[in-house]
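Data block for protein_14.tsv (TSV, C-alpha atoms):
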```tsv
chain	number	residue	atom	x	y	z
V	1	MET	CA	-50.21	-12.87	-50.36
V	2	LYS	CA	-49.51	-12.15	-46.74
V	3	THR	CA	-47.41	-15.30	-46.27
V	4	VAL	CA	-45.26	-14.52	-49.32
V	5	LYS	CA	-44.56	-11.06	-47.96
V	6	GLN	CA	-43.63	-12.56	-44.57
V	7	ASN	CA	-41.30	-15.03	-46.22
V	8	VAL	CA	-39.55	-12.30	-48.18
V	9	VAL	CA	-38.97	-10.36	-44.97
V	10	LYS	CA	-37.68	-13.48	-43.23
V	11	MET	CA	-35.30	-14.27	-46.10
V	12	ALA	CA	-33.96	-10.73	-46.12
V	13	ALA	CA	-33.38	-10.80	-42.39
V	14	LEU	CA	-31.59	-14.14	-42.58
V	15	LEU	CA	-29.39	-12.91	-45.43
V	16	ALA	CA	-28.48	-9.75	-43.53
V	17	LEU	CA	-27.59	-11.75	-40.41
V	18	THR	CA	-25.38	-14.29	-42.17
V	19	SER	CA	-23.62	-11.70	-44.27
V	20	SER	CA	-22.93	-9.49	-41.25
V	21	ALA	CA	-21.54	-12.48	-39.35
V	22	PHE	CA	-19.32	-13.34	-42.31
V	23	LEU	CA	-18.12	-9.75	-42.60
V	24	ALA	CA	-17.34	-9.59	-38.88
V	25	THR	CA	-15.21	-12.77	-38.92
V	26	ALA	CA	-13.44	-11.60	-42.06
V	27	ALA	CA	-12.63	-8.26	-40.44
V	28	ASP	CA	-11.33	-9.99	-37.30
V	29	LYS	CA	-9.09	-12.22	-39.35
V	30	VAL	CA	-7.57	-9.39	-41.35
V	31	ILE	CA	-6.61	-7.39	-38.27
V	32	HIS	CA	-5.45	-10.44	-36.33
V	33	GLU	CA	-3.02	-11.60	-39.00
V	34	ASP	CA	-1.74	-8.17	-39.84
V	35	ASP	CA	1.09	-7.94	-37.34
V	36	PHE	CA	2.41	-4.75	-38.89
V	37	ALA	CA	-0.81	-2.89	-38.33
V	38	THR	CA	-0.77	-3.22	-34.56
V	39	LEU	CA	1.34	-4.26	-31.59
V	40	ARG	CA	-1.83	-5.18	-29.72
V	41	GLY	CA	-1.74	-8.74	-31.05
V	42	THR	CA	-5.51	-9.01	-31.03
V	43	ALA	CA	-8.32	-7.62	-33.11
V	44	ILE	CA	-9.27	-4.01	-32.53
V	45	THR	CA	-12.81	-5.17	-31.76
V	46	SER	CA	-11.74	-7.21	-28.72
V	47	GLU	CA	-10.24	-6.34	-25.37
V	48	PRO	CA	-7.10	-8.42	-24.76
V	49	THR	CA	-6.35	-9.75	-21.29
V	50	PRO	CA	-3.44	-7.69	-19.99
V	51	PRO	CA	-0.27	-9.64	-19.18
V	52	PRO	CA	0.38	-10.12	-15.43
V	53	LEU	CA	2.51	-7.51	-13.73
V	54	LYS	CA	6.15	-8.48	-13.67
V	55	ASN	CA	8.18	-8.61	-10.51
V	56	GLU	CA	10.79	-5.93	-10.64
V	57	VAL	CA	14.39	-7.04	-10.21
V	58	ASP	CA	15.42	-6.53	-6.60
V	59	HIS	CA	18.87	-5.59	-5.29
V	60	LYS	CA	21.16	-7.07	-7.92
V	61	GLY	CA	24.07	-4.70	-7.29
V	62	THR	CA	24.33	-1.78	-9.69
V	63	PHE	CA	23.73	-1.78	-13.42
V	64	GLY	CA	26.27	-0.22	-15.74
V	65	ARG	CA	25.64	2.80	-17.88
V	66	ALA	CA	25.54	2.60	-21.66
V	67	PHE	CA	26.70	6.19	-22.18
V	68	PRO	CA	28.05	8.87	-19.83
V	69	THR	CA	24.88	10.95	-19.55
V	70	GLN	CA	22.54	8.01	-19.04
V	71	ALA	CA	20.32	8.28	-15.99
V	72	PRO	CA	21.32	5.24	-13.90
V	73	VAL	CA	18.60	2.59	-13.71
V	74	VAL	CA	17.27	1.47	-10.35
V	75	PRO	CA	18.63	-1.90	-9.14
V	76	HIS	CA	15.75	-2.52	-6.70
V	77	LYS	CA	11.97	-2.47	-6.46
V	78	VAL	CA	10.30	0.92	-6.39
V	79	ARG	CA	6.70	0.07	-7.21
V	80	LYS	CA	5.27	0.97	-3.81
V	81	TYR	CA	7.36	4.10	-3.24
V	82	GLN	CA	5.36	7.24	-2.69
V	83	VAL	CA	6.73	10.17	-4.65
V	84	ASN	CA	4.41	13.16	-4.56
V	85	LEU	CA	4.05	16.63	-3.05
V	86	LYS	CA	3.89	15.23	0.46
V	87	VAL	CA	6.84	12.87	0.50
V	88	ASN	CA	9.56	11.38	-1.68
V	89	GLN	CA	10.45	7.93	-0.40
V	90	CYS	CA	13.41	7.62	-2.78
V	91	LEU	CA	15.03	10.59	-1.06
V	92	SER	CA	14.56	8.99	2.35
V	93	CYS	CA	17.66	6.95	1.40
V	94	HIS	CA	19.30	8.82	-1.49
V	95	ASP	CA	19.17	12.42	-0.22
V	96	ARG	CA	22.39	14.02	1.00
V	97	SER	CA	21.09	14.11	4.56
V	98	ARG	CA	20.31	10.37	4.54
V	99	ILE	CA	23.21	8.62	2.80
V	100	LYS	CA	25.40	8.29	5.88
V	101	GLU	CA	22.79	6.16	7.58
V	102	SER	CA	21.38	4.39	4.53
V	103	LYS	CA	24.73	3.83	2.73
V	104	ALA	CA	22.86	4.38	-0.53
V	105	PRO	CA	24.43	6.39	-3.38
V	106	MET	CA	23.61	10.08	-3.19
V	107	VAL	CA	21.59	11.63	-6.00
V	108	SER	CA	23.88	13.44	-8.41
V	109	VAL	CA	24.90	17.00	-7.49
V	110	THR	CA	23.26	18.19	-10.69
V	111	HIS	CA	19.95	17.43	-8.98
V	112	TYR	CA	20.66	20.15	-6.42
V	113	MET	CA	21.16	22.78	-9.12
V	114	THR	CA	18.74	25.20	-10.72
V	115	ARG	CA	18.56	25.76	-14.45
V	116	GLU	CA	21.08	28.58	-13.95
V	117	ASN	CA	23.52	26.17	-12.25
V	118	HIS	CA	23.00	27.68	-8.81
V	119	PHE	CA	23.15	25.20	-5.96
V	120	LEU	CA	20.16	24.66	-3.67
V	121	ALA	CA	19.96	23.18	-0.17
V	122	GLN	CA	17.56	20.48	-1.34
V	123	VAL	CA	16.83	18.54	-4.49
V	124	SER	CA	15.59	20.92	-7.15
V	125	PRO	CA	11.86	20.70	-7.87
V	126	ARG	CA	12.64	20.05	-11.55
V	127	ARG	CA	14.51	16.86	-10.52
V	128	TYR	CA	12.08	15.77	-7.82
V	129	PHE	CA	10.13	13.06	-9.64
V	130	CYS	CA	12.79	10.34	-9.75
V	131	THR	CA	10.95	7.78	-11.84
V	132	GLN	CA	10.61	10.17	-14.75
V	133	CYS	CA	14.20	9.18	-15.61
V	134	HIS	CA	15.25	6.41	-13.22
V	135	VAL	CA	13.36	3.18	-13.71
V	136	ALA	CA	13.38	-0.23	-12.05
V	137	GLN	CA	14.45	-3.17	-14.21
V	138	ASP	CA	12.55	-6.23	-15.31
V	139	GLU	CA	13.49	-9.52	-16.99
V	140	ALA	CA	11.40	-8.57	-20.01
V	141	LYS	CA	11.92	-9.72	-23.58
V	142	PRO	CA	12.61	-6.60	-25.70
V	143	LEU	CA	9.86	-5.81	-28.21
V	144	VAL	CA	12.44	-4.79	-30.82
V	145	PRO	CA	16.08	-5.92	-31.03
V	146	ASN	CA	18.58	-3.49	-29.52
V	147	VAL	CA	21.37	-2.52	-31.91
V	148	PHE	CA	23.05	-0.05	-29.58
V	149	ILE	CA	26.86	-0.25	-29.57
V	150	ASP	CA	28.93	1.20	-26.74
V	151	VAL	CA	31.10	4.11	-27.89
V	152	ASP	CA	34.20	2.37	-26.48
V	153	LYS	CA	33.52	-0.63	-28.71
V	154	LEU	CA	33.23	1.68	-31.74
V	155	LEU	CA	36.53	3.40	-30.90
V	156	GLU	CA	38.21	0.03	-30.39
V	157	ALA	CA	36.94	-1.21	-33.73
V	158	ALA	CA	38.14	1.97	-35.45
V	159	GLU	CA	41.54	1.59	-33.79
V	160	ALA	CA	41.79	-2.05	-34.84
V	161	LYS	CA	40.85	-1.16	-38.41
V	162	LYS	CA	43.49	1.58	-38.51
V	163	SER	CA	46.24	-0.72	-37.20
V	164	ALA	CA	45.19	-3.43	-39.66
V	165	GLU	CA	45.60	-0.99	-42.53
V	166	HIS	CA	49.17	-0.09	-41.49
K	1	MET	CA	-28.29	13.17	48.91
K	2	MET	CA	-26.61	11.34	51.76
K	3	ASP	CA	-30.02	10.11	53.00
K	4	LYS	CA	-30.81	8.66	49.59
K	5	LEU	CA	-27.49	6.82	49.49
K	6	LYS	CA	-28.11	5.43	52.97
K	7	GLN	CA	-31.57	4.26	51.87
K	8	VAL	CA	-30.05	2.44	48.87
K	9	TRP	CA	-27.43	0.86	51.11
K	10	ARG	CA	-30.14	-0.37	53.55
K	11	VAL	CA	-32.02	-2.06	50.70
K	12	LEU	CA	-28.83	-3.71	49.45
K	13	ALA	CA	-27.70	-4.81	52.92
K	14	LYS	CA	-31.08	-6.33	53.94
K	15	PRO	CA	-31.80	-9.99	53.14
K	16	SER	CA	-34.29	-10.53	50.34
K	17	VAL	CA	-37.93	-10.83	51.53
K	18	HIS	CA	-39.71	-11.99	48.34
K	19	TYR	CA	-37.09	-13.87	46.29
K	20	SER	CA	-35.45	-17.17	47.21
K	21	LEU	CA	-31.69	-17.55	47.52
K	22	GLY	CA	-31.76	-20.02	44.60
K	23	PHE	CA	-33.57	-17.57	42.34
K	24	LEU	CA	-31.15	-14.79	43.19
K	25	THR	CA	-27.98	-16.82	42.74
K	26	ILE	CA	-28.99	-18.75	39.61
K	27	GLY	CA	-30.80	-15.71	38.19
K	28	GLY	CA	-27.76	-13.55	38.87
K	29	PHE	CA	-25.51	-16.13	37.26
K	30	LEU	CA	-27.66	-16.34	34.12
K	31	ALA	CA	-28.01	-12.55	33.91
K	32	GLY	CA	-24.23	-12.35	34.23
K	33	ILE	CA	-23.72	-14.72	31.31
K	34	ILE	CA	-26.17	-12.79	29.15
K	35	PHE	CA	-24.66	-9.43	30.05
K	36	TRP	CA	-21.06	-10.50	29.65
K	37	GLY	CA	-21.75	-12.48	26.49
K	38	GLY	CA	-23.65	-9.58	25.00
K	39	PHE	CA	-20.92	-7.14	25.93
K	40	ASN	CA	-18.19	-9.22	24.38
K	41	THR	CA	-20.25	-9.93	21.25
K	42	ALA	CA	-20.86	-6.22	20.79
K	43	LEU	CA	-17.17	-5.54	21.41
K	44	GLU	CA	-16.12	-8.10	18.83
K	45	ALA	CA	-18.67	-6.77	16.34
K	46	THR	CA	-17.00	-3.35	16.52
K	47	ASN	CA	-13.64	-5.03	16.06
K	48	THR	CA	-14.16	-6.16	12.46
K	49	GLU	CA	-13.21	-4.63	9.17
K	50	GLU	CA	-16.85	-4.51	8.02
K	51	PHE	CA	-17.61	-2.31	11.01
K	52	CYS	CA	-14.65	-0.02	10.31
K	53	ILE	CA	-15.48	0.52	6.66
K	54	SER	CA	-19.19	0.93	7.28
K	55	CYS	CA	-18.22	4.60	7.64
K	56	HIS	CA	-17.30	6.25	4.33
K	57	GLU	CA	-14.44	8.10	6.04
K	58	MET	CA	-12.62	4.81	6.44
K	59	GLU	CA	-13.81	3.08	3.29
K	60	ALA	CA	-13.07	5.90	0.85
K	61	ASN	CA	-9.69	6.87	2.28
K	62	VAL	CA	-7.64	4.44	4.30
K	63	TYR	CA	-9.27	1.18	3.13
K	64	GLU	CA	-8.83	2.26	-0.48
K	65	GLU	CA	-5.13	2.86	0.15
K	66	LEU	CA	-4.65	-0.41	1.99
K	67	GLN	CA	-5.79	-2.44	-1.00
K	68	GLY	CA	-2.67	-1.82	-3.05
K	69	THR	CA	-0.27	-2.83	-0.30
K	70	ILE	CA	1.28	-6.15	0.62
K	71	HIS	CA	-0.81	-6.25	3.78
K	72	PHE	CA	-3.93	-6.64	1.65
K	73	SER	CA	-2.95	-8.50	-1.49
K	74	ASN	CA	0.03	-10.80	-1.85
K	75	ARG	CA	1.32	-14.17	-3.10
K	76	SER	CA	0.04	-16.29	-0.23
K	77	GLY	CA	-3.30	-14.62	0.49
K	78	VAL	CA	-2.68	-13.92	4.16
K	79	ARG	CA	-3.89	-10.45	4.94
K	80	ALA	CA	-4.25	-7.99	7.78
K	81	THR	CA	-7.59	-6.35	8.53
K	82	CYS	CA	-8.00	-2.94	10.20
K	83	PRO	CA	-8.17	-4.17	13.83
K	84	ASP	CA	-5.15	-6.45	13.36
K	85	CYS	CA	-2.94	-3.37	13.28
K	86	HIS	CA	-5.01	-0.69	14.96
K	87	VAL	CA	-6.47	-2.51	18.00
K	88	PRO	CA	-4.37	-4.42	20.54
K	89	HIS	CA	-5.25	-8.11	20.73
K	90	GLU	CA	-4.92	-8.44	24.48
K	91	TRP	CA	-8.15	-7.72	26.39
K	92	THR	CA	-7.06	-4.97	28.81
K	93	ASN	CA	-5.23	-2.98	26.16
K	94	LYS	CA	-8.10	-3.55	23.76
K	95	ILE	CA	-10.60	-2.02	26.21
K	96	ALA	CA	-8.25	0.93	26.76
K	97	ARG	CA	-8.02	1.52	23.02
K	98	LYS	CA	-11.80	1.15	22.65
K	99	MET	CA	-12.32	3.85	25.25
K	100	GLN	CA	-9.97	6.15	23.35
K	101	ALA	CA	-11.96	5.36	20.23
K	102	SER	CA	-14.98	7.16	21.68
K	103	LYS	CA	-13.24	10.25	20.30
K	104	GLU	CA	-13.70	8.72	16.85
K	105	VAL	CA	-17.46	8.49	17.45
K	106	TRP	CA	-17.37	12.21	18.26
K	107	GLY	CA	-15.47	12.81	15.03
K	108	LYS	CA	-18.02	10.81	13.07
K	109	ILE	CA	-21.00	12.69	14.56
K	110	PHE	CA	-19.50	16.12	13.93
K	111	GLY	CA	-18.00	15.24	10.54
K	112	THR	CA	-14.38	16.03	11.42
K	113	ILE	CA	-13.06	14.18	8.37
K	114	ASN	CA	-16.21	13.67	6.32
K	115	THR	CA	-14.68	14.96	3.08
K	116	ARG	CA	-11.46	14.02	1.31
K	117	GLU	CA	-10.13	17.56	1.83
K	118	LYS	CA	-10.78	17.48	5.57
K	119	PHE	CA	-9.18	14.06	5.82
K	120	GLU	CA	-6.09	15.19	3.91
K	121	ALA	CA	-5.80	18.27	6.10
K	122	LYS	CA	-5.90	16.10	9.21
K	123	ARG	CA	-3.82	13.20	7.85
K	124	ARG	CA	-0.53	14.25	9.46
K	125	GLU	CA	-2.14	14.64	12.89
K	126	LEU	CA	-3.93	11.29	12.66
K	127	ALA	CA	-0.76	9.58	11.45
K	128	GLU	CA	1.21	11.10	14.31
K	129	HIS	CA	-1.26	9.62	16.78
K	130	GLU	CA	-0.70	6.15	15.35
K	131	TRP	CA	3.10	6.58	15.24
K	132	ALA	CA	3.08	7.69	18.88
K	133	ARG	CA	0.85	4.78	19.89
K	134	LEU	CA	3.01	2.18	18.14
K	135	LYS	CA	6.19	3.77	19.45
K	136	ALA	CA	4.83	3.64	23.00
K	137	ASN	CA	3.80	-0.04	22.84
K	138	ASP	CA	6.99	-1.10	20.99
K	139	SER	CA	5.05	-1.82	17.77
K	140	LEU	CA	2.95	-4.44	19.51
K	141	GLU	CA	0.51	-4.89	16.61
K	142	CYS	CA	3.36	-5.43	14.12
K	143	ARG	CA	4.86	-8.01	16.42
K	144	ASN	CA	1.62	-9.97	16.64
K	145	CYS	CA	2.66	-11.39	13.27
K	146	HIS	CA	6.26	-10.30	12.69
K	147	ASN	CA	8.30	-12.06	15.34
K	148	PHE	CA	11.84	-10.76	15.73
K	149	ASP	CA	13.10	-14.08	17.11
K	150	TYR	CA	12.25	-15.90	13.89
K	151	MET	CA	13.64	-13.33	11.44
K	152	ASP	CA	16.27	-14.80	9.14
K	153	PHE	CA	18.71	-11.96	8.49
K	154	THR	CA	20.39	-13.94	5.72
K	155	ARG	CA	17.14	-13.79	3.74
K	156	GLN	CA	16.91	-10.02	4.10
K	157	ALA	CA	18.44	-7.35	1.90
K	158	PRO	CA	21.84	-6.34	3.31
K	159	ARG	CA	20.64	-2.93	4.44
K	160	ALA	CA	17.57	-4.42	6.17
K	161	ALA	CA	19.68	-7.10	7.87
K	162	GLU	CA	22.07	-4.43	9.10
K	163	ALA	CA	19.29	-2.29	10.58
K	164	HIS	CA	17.40	-5.21	12.11
K	165	SER	CA	20.44	-6.83	13.71
K	166	THR	CA	21.61	-3.59	15.33
K	167	SER	CA	19.01	-0.94	16.13
K	168	LEU	CA	16.01	-3.26	16.32
K	169	ALA	CA	17.85	-6.03	18.18
K	170	SER	CA	19.11	-3.63	20.86
K	171	GLY	CA	15.63	-2.19	21.33
K	172	GLU	CA	16.92	1.24	20.45
K	173	LYS	CA	14.41	1.45	17.64
K	174	THR	CA	11.08	-0.19	16.98
K	175	CYS	CA	9.28	-1.16	13.76
K	176	ILE	CA	7.36	2.11	13.31
K	177	ASP	CA	10.53	4.22	13.50
K	178	CYS	CA	11.43	3.14	9.96
K	179	HIS	CA	8.31	1.47	8.60
K	180	LYS	CA	5.88	4.34	8.37
K	181	GLY	CA	3.09	4.39	5.82
K	182	ILE	CA	3.42	0.70	4.98
K	183	ALA	CA	-0.34	0.19	4.69
K	184	HIS	CA	-1.56	3.72	3.94
K	185	HIS	CA	-0.30	6.76	2.08
K	186	LEU	CA	2.09	8.97	3.98
K	187	PRO	CA	1.07	12.48	5.02
K	188	ASN	CA	3.26	15.51	4.35
K	189	MET	CA	6.51	14.33	5.95
K	190	THR	CA	8.22	17.72	6.29
K	191	GLY	CA	10.32	17.65	9.43
K	192	VAL	CA	9.86	13.95	10.19
K	193	LYS	CA	13.22	12.36	10.98
K	194	GLY	CA	14.41	10.08	8.24
K	195	TYR	CA	12.32	11.65	5.44
```
Could you quickly redo this structure as structure tokens?
Amino acid sequence: MKTVKQNVVKMAALLALTSSAFLATAADKVIHEDDFATLRGTAITSEPTPPPLKNEVDHKGTFGRAFPTQAPVVPHKVRKYQVNLKVNQCLSCHDRSRIKESKAPMVSVTHYMTRENHFLAQVSPRRYFCTQCHVAQDEAKPLVPNVFIDVDKLLEAAEAKKSAEH
Amino acid sequence: MMDKLKQVWRVLAKPSVHYSLGFLTIGGFLAGIIFWGGFNTALEATNTEEFCISCHEMEANVYEELQGTIHFSNRSGVRATCPDCHVPHEWTNKIARKMQASKEVWGKIFGTINTREKFEAKRRELAEHEWARLKANDSLECRNCHNFDYMDFTRQAPRAAEAHSTSLASGEKTCIDCHKGIAHHLPNMTGVKGY
């Protein structure tokens, strides 16, 4: 009697183990193949190895701007720059007081203005943290295709269409 | 007092009664080796990174900051340890710096910077000491590795090449004048020229 009972317990345990293993692999598979569910690329149950840090593009001249109010992107490395309450290493070249020596472009005059458009002697605290808007560039493959069209191109196209009609 | 000194002098000036000349010379020679060897070993032991970061003041603050910089981790795996930059390599200057460092022992005993807050409050002062030291010795510790004569300006960014070929070449400026906080975080830089 005792052995039968033991066997039943053993069987149940074995069944539970195999079924749970099967369920786990099935769950992994579903998440892994469902590319729309996640940009992670791996199952939610696993920790993916992060990609290596990219080297930022260094001193490649200046980048253009896609629209007039775009914050210009940074054409050099800024990863190690200290920007906090104590010091702003960006401003050690780009501040008004430094540009003569550094020959770097000065931060826009708007950065010396308060919300009420009053000028200050130094960069306004609300504009102090440069990398909130200005970012270094990287040779990265875009995650989604960029369909942005420059406004000049749009105007040109409209002009061409108009002249074609006449 | 004077009598005592005279007594000591008489003992030193008199020939030895009990010990042979051979014992005294060879014994003195061996004792010299042991003393000098021991002294230098102890000196070198205090001149290692393990020794520096055996105090939490160094390990939790400056060593932590060093780890993110190019002087700790880089492509080729060559790195600078604490004494490479903070202790002169040449013997005389090293001893001079070691004597100054007795102040640091004082600081350790009395807990001058034993919390993060105390360290941050003192950071500007401590940084200024190092800037002054490197300014005075023409950035000697930088130059132990970075040799001006072998710099290729054409491989430098235009702005760096410009600065190095003028101000640095003429000796008007030295490394630390521009390269502050390269291995540690900068303190509050209010009023420092160039920041």
May I have a table of the residues of chain K lying at most 8 Å from chain V, giving each one's closest pair of atoms and their distance in Å to one decimal, counting only C-alpha atoms, ordered by chain and ascending residue number, as CSV?
```
residue,atom,partner,partner_atom,distance
K:Thr69,CA,V:Lys80,CA,7.6
K:Ala157,CA,V:His59,CA,7.4
K:Arg159,CA,V:Ser102,CA,7.4
K:His185,CA,V:Gln82,CA,7.4
K:Leu186,CA,V:Val87,CA,7.1
K:Pro187,CA,V:Lys86,CA,6.0
K:Asn188,CA,V:Lys86,CA,4.0
K:Met189,CA,V:Val87,CA,5.7
K:Thr190,CA,V:Lys86,CA,7.7
K:Gly194,CA,V:Ser92,CA,6.0
K:Tyr195,CA,V:Ser92,CA,4.7
```
Using only C-alpha atoms, please write the residues we just selected to a file, as an mmCIF file, in the frame of the given file.
```
data_model
loop_
_atom_site.group_PDB
_atom_site.id
_atom_site.type_symbol
_atom_site.label_atom_id
_atom_site.label_comp_id
_atom_site.auth_asym_id
_atom_site.auth_seq_id
_atom_site.Cartn_x
_atom_site.Cartn_y
_atom_site.Cartn_z
ATOM 1 C CA THR K 69 -0.270 -2.830 -0.300
ATOM 2 C CA ALA K 157 18.440 -7.350 1.900
ATOM 3 C CA ARG K 159 20.640 -2.930 4.440
ATOM 4 C CA HIS K 185 -0.300 6.760 2.080
ATOM 5 C CA LEU K 186 2.090 8.970 3.980
ATOM 6 C CA PRO K 187 1.070 12.480 5.020
ATOM 7 C CA ASN K 188 3.260 15.510 4.350
ATOM 8 C CA MET K 189 6.510 14.330 5.950
ATOM 9 C CA THR K 190 8.220 17.720 6.290
ATOM 10 C CA GLY K 194 14.410 10.080 8.240
ATOM 11 C CA TYR K 195 12.320 11.650 5.440
#
```
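Taking atom CA of K:Cys85 as the reference point, atom CA of K:Phe51 is found at 14.9 Å.
Taking atom CA of V:Gly61 and atom CA of K:Ala169 as endpoints, the distance between them is 26.3 Å.
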Item checked: Counting all atoms listed in the file, the residue of K:Thr112, K:Ile70, K:Val17, K:Ser54 that sits nearest V:Arg79 -> K:Ile70
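The set of protein, DNA and RNA residues with any counted atom at most 12 Å from (26.3, 17.2, 0.6) (all atoms listed in the file) reads His94, Asp95, Arg96, Ser97, Arg98, Ile99, Lys100, Pro105, Met106, Val107, Ser108, Val109, Thr110, His111, Tyr112, Phe119, Leu120, Ala121, Gln122 and Val123 of chain V.
Going from atom CA of K:Leu43 to atom CA of K:Thr81 covers 16.1 Å.
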Which centre and edge lengths in Å to one decimal define the box along x, y and z that fits every listed atom of stretch 128-138 of chain V plus 3 Å per side, as JSON?
```
{"center_x": 12.7, "center_y": 4.8, "center_z": -11.7, "size_x": 11.1, "size_y": 28.0, "size_z": 13.8}
```
Item checked: Which of K:Asp177, K:Glu65, K:Glu57, K:Asp149 sits closest to K:Gly111 [using only C-alpha atoms] -> K:Glu57
Note to self: Calculated over only C-alpha atoms, which of the candidates V:Gln137, V:Ser46, V:Ser163, V:Asn146 has the smallest distance to V:His76?
What the structure shows: V:Gln137
Margin query: Given the point (25.3, 10.0, -16.2) in the coordinates of this file, which residues lie within 12 Å, counting all atoms listed in the file, and how would they look as a ChimeraX atom specification?
Written below: /V:64-73,107-111,133-134
